[in-house]
Amino acid sequence: MSEPPQRSRTGLFHFVDGLRYSLRGLAAAWKHAEAFRQEIVVFIAAVVVAAFVGDSAIERALLIGILFPVLIAELINTAVETVVDRIGVEHHELSGRAKDLASAAVFVSIIAAVTVWALVIFG
């Protein structure tokens, strides 16, 4: 006999559960994903630089805000890699494609960040 589906908690309990899962995910990314750790270091340094480079609050917001998609893409990339590796470590064309696509998302987010920074600084 199968277990009944788990009922989702609501309200504040749902929020607290979600926060706990998110923090656990961030901790796992920090522990297991070197690229995420490197990007956090760059993020922190860039936030400090943005405070001095941005001529207005809008420019500082743009410089800092464009960094978040890089972290988001890296978290998704790490999740895809983790799931693919969980399925199996043997080479499969679709597994490789999934990892490549997730990596491409990180790359595109970095290109976007560099573009915005260049336009704000040199534009």
# chains A, B, ... in the order shown; residues from 1 in each chain; ligands from 1
$ closest_atom_pairs --of "range 87-109 of chain A" --to "range 68-76 of chain A" --cutoff "10 Å" --atoms "only C-alpha atoms" --output "tab-separated table"
residue	atom	partner	partner_atom	distance
A:Ala102	CA	A:Ile76	CA	7.0
A:Ser103	CA	A:Glu74	CA	7.8
A:Ala104	CA	A:Ala73	CA	9.1
A:Ala105	CA	A:Ala73	CA	6.0
A:Val106	CA	A:Ala73	CA	5.0
A:Phe107	CA	A:Val70	CA	8.2
A:Val108	CA	A:Val70	CA	8.5
A:Ser109	CA	A:Val70	CA	5.1
$ closest_atom_pairs --of "range 4-73 of chain A" --to "range 77-94 of chain A" --cutoff "12 Å" --atoms "only C-alpha atoms" --output "tab-separated table"
residue	atom	partner	partner_atom	distance
A:Gly25	CA	A:Ala79	CA	9.4
A:Leu26	CA	A:Thr78	CA	10.9
A:Ala28	CA	A:Thr78	CA	9.8
A:Ala29	CA	A:Thr78	CA	7.4
A:Trp30	CA	A:Thr78	CA	10.6
A:Lys31	CA	A:Thr78	CA	11.6
A:His32	CA	A:Thr78	CA	8.9
A:Ala33	CA	A:Thr78	CA	7.0
A:Glu34	CA	A:Thr78	CA	10.0
A:Ala35	CA	A:Thr78	CA	9.0
A:Phe36	CA	A:Thr78	CA	8.5
A:Arg37	CA	A:Thr78	CA	11.8
A:Pro69	CA	A:Asn77	CA	11.8
A:Val70	CA	A:Asn77	CA	10.3
A:Leu71	CA	A:Asn77	CA	9.7
A:Ile72	CA	A:Asn77	CA	8.5
A:Ala73	CA	A:Asn77	CA	6.0
$ write_last_selection --atoms "C-alpha atoms" --output "PDB file, in the first residue's frame"
ATOM      1  CA  GLY A  25      20.405  24.630  -1.249  1.00  0.00           C
ATOM      2  CA  LEU A  26      22.748  27.592  -0.908  1.00  0.00           C
ATOM      3  CA  ALA A  28      24.997  22.668  -0.706  1.00  0.00           C
ATOM      4  CA  ALA A  29      26.064  24.906  -3.597  1.00  0.00           C
ATOM      5  CA  TRP A  30      28.762  26.477  -1.435  1.00  0.00           C
ATOM      6  CA  LYS A  31      30.006  23.063  -0.298  1.00  0.00           C
ATOM      7  CA  HIS A  32      29.860  21.175  -3.599  1.00  0.00           C
ATOM      8  CA  ALA A  33      30.159  23.746  -6.419  1.00  0.00           C
ATOM      9  CA  GLU A  34      33.516  25.440  -6.800  1.00  0.00           C
ATOM     10  CA  ALA A  35      32.199  27.689  -9.588  1.00  0.00           C
ATOM     11  CA  PHE A  36      29.477  28.980  -7.239  1.00  0.00           C
ATOM     12  CA  ARG A  37      32.073  29.809  -4.567  1.00  0.00           C
ATOM     13  CA  PRO A  69      21.314  36.257 -12.801  1.00  0.00           C
ATOM     14  CA  VAL A  70      24.858  34.859 -12.865  1.00  0.00           C
ATOM     15  CA  LEU A  71      24.360  33.307  -9.424  1.00  0.00           C
ATOM     16  CA  ILE A  72      20.878  32.096 -10.348  1.00  0.00           C
ATOM     17  CA  ALA A  73      22.121  30.490 -13.554  1.00  0.00           C
TER      18      ALA A  73
END
$ select_by_dssp --residues "chain A" --states "alpha helix (DSSP H)" --output "number ranges by chain"
A: 11-32, 34-53, 57-65, 68-87, 93-122
$ write_last_selection --atoms "C-alpha atoms" --output "tab-separated table (two decimals), in the first residue's frame"
chain	number	residue	atom	x	y	z
A	11	GLY	CA	0.95	30.32	5.52
A	12	LEU	CA	3.96	31.17	7.62
A	13	PHE	CA	4.92	27.49	7.98
A	14	HIS	CA	5.11	27.19	4.19
A	15	PHE	CA	7.32	30.29	4.03
A	16	VAL	CA	9.63	29.00	6.79
A	17	ASP	CA	9.89	25.58	5.11
A	18	GLY	CA	10.74	27.23	1.79
A	19	LEU	CA	13.36	29.44	3.45
A	20	ARG	CA	14.93	26.41	5.12
A	21	TYR	CA	15.08	24.52	1.77
A	22	SER	CA	16.58	27.55	0.05
A	23	LEU	CA	19.27	28.00	2.69
A	24	ARG	CA	20.03	24.28	2.54
A	25	GLY	CA	20.40	24.63	-1.25
A	26	LEU	CA	22.75	27.59	-0.91
A	27	ALA	CA	24.83	25.67	1.64
A	28	ALA	CA	25.00	22.67	-0.71
A	29	ALA	CA	26.06	24.91	-3.60
A	30	TRP	CA	28.76	26.48	-1.43
A	31	LYS	CA	30.01	23.06	-0.30
A	32	HIS	CA	29.86	21.17	-3.60
A	34	GLU	CA	33.52	25.44	-6.80
A	35	ALA	CA	32.20	27.69	-9.59
A	36	PHE	CA	29.48	28.98	-7.24
A	37	ARG	CA	32.07	29.81	-4.57
A	38	GLN	CA	34.17	31.66	-7.15
A	39	GLU	CA	31.15	33.59	-8.39
A	40	ILE	CA	30.23	34.58	-4.82
A	41	VAL	CA	33.73	35.99	-4.33
A	42	VAL	CA	33.45	37.93	-7.61
A	43	PHE	CA	29.94	39.07	-6.62
A	44	ILE	CA	31.16	40.48	-3.29
A	45	ALA	CA	34.12	42.25	-4.92
A	46	ALA	CA	31.89	43.63	-7.68
A	47	VAL	CA	29.37	44.99	-5.18
A	48	VAL	CA	32.18	46.93	-3.50
A	49	VAL	CA	33.44	48.22	-6.85
A	50	ALA	CA	29.90	49.15	-7.93
A	51	ALA	CA	29.56	51.36	-4.87
A	52	PHE	CA	32.44	53.48	-6.19
A	53	VAL	CA	31.95	53.17	-9.95
A	57	ALA	CA	21.73	54.87	-7.37
A	58	ILE	CA	20.32	53.64	-10.69
A	59	GLU	CA	23.77	52.81	-12.03
A	60	ARG	CA	24.74	51.06	-8.81
A	61	ALA	CA	21.47	49.10	-8.93
A	62	LEU	CA	22.17	48.06	-12.53
A	63	LEU	CA	25.74	47.02	-11.75
A	64	ILE	CA	24.71	44.97	-8.73
A	65	GLY	CA	21.39	43.72	-10.10
A	68	PHE	CA	22.21	38.07	-9.56
A	69	PRO	CA	21.31	36.26	-12.80
A	70	VAL	CA	24.86	34.86	-12.86
A	71	LEU	CA	24.36	33.31	-9.42
A	72	ILE	CA	20.88	32.10	-10.35
A	73	ALA	CA	22.12	30.49	-13.55
A	74	GLU	CA	24.98	28.82	-11.67
A	75	LEU	CA	22.56	27.39	-9.11
A	76	ILE	CA	20.37	26.00	-11.91
A	77	ASN	CA	23.46	24.67	-13.70
A	78	THR	CA	24.58	22.91	-10.54
A	79	ALA	CA	21.10	21.46	-10.04
A	80	VAL	CA	21.02	20.12	-13.61
A	81	GLU	CA	24.49	18.60	-13.22
A	82	THR	CA	23.49	17.01	-9.92
A	83	VAL	CA	20.34	15.44	-11.35
A	84	VAL	CA	22.11	14.19	-14.47
A	85	ASP	CA	24.90	12.68	-12.36
A	86	ARG	CA	22.31	11.07	-10.08
A	87	ILE	CA	20.74	9.35	-13.09
A	93	GLU	CA	24.15	12.40	-25.57
A	94	LEU	CA	21.09	13.90	-23.84
A	95	SER	CA	22.86	14.09	-20.47
A	96	GLY	CA	25.75	15.92	-22.09
A	97	ARG	CA	23.37	18.23	-23.92
A	98	ALA	CA	21.52	19.07	-20.68
A	99	LYS	CA	24.78	19.92	-18.94
A	100	ASP	CA	25.99	21.97	-21.92
A	101	LEU	CA	22.73	23.92	-22.08
A	102	ALA	CA	22.85	24.70	-18.37
A	103	SER	CA	26.48	25.78	-18.73
A	104	ALA	CA	25.50	27.98	-21.67
A	105	ALA	CA	22.94	29.71	-19.44
A	106	VAL	CA	25.73	30.63	-17.03
A	107	PHE	CA	27.87	31.85	-19.92
A	108	VAL	CA	25.09	34.02	-21.36
A	109	SER	CA	24.40	35.52	-17.92
A	110	ILE	CA	28.08	36.39	-17.57
A	111	ILE	CA	28.09	38.00	-21.04
A	112	ALA	CA	25.05	40.07	-19.99
A	113	ALA	CA	26.79	41.16	-16.78
A	114	VAL	CA	29.99	42.12	-18.59
A	115	THR	CA	27.98	44.03	-21.21
A	116	VAL	CA	26.06	46.06	-18.61
A	117	TRP	CA	29.24	46.80	-16.64
A	118	ALA	CA	31.04	47.92	-19.82
A	119	LEU	CA	28.17	50.15	-20.87
A	120	VAL	CA	27.90	51.79	-17.46
A	121	ILE	CA	31.64	52.27	-17.03
A	122	PHE	CA	32.60	53.21	-20.60
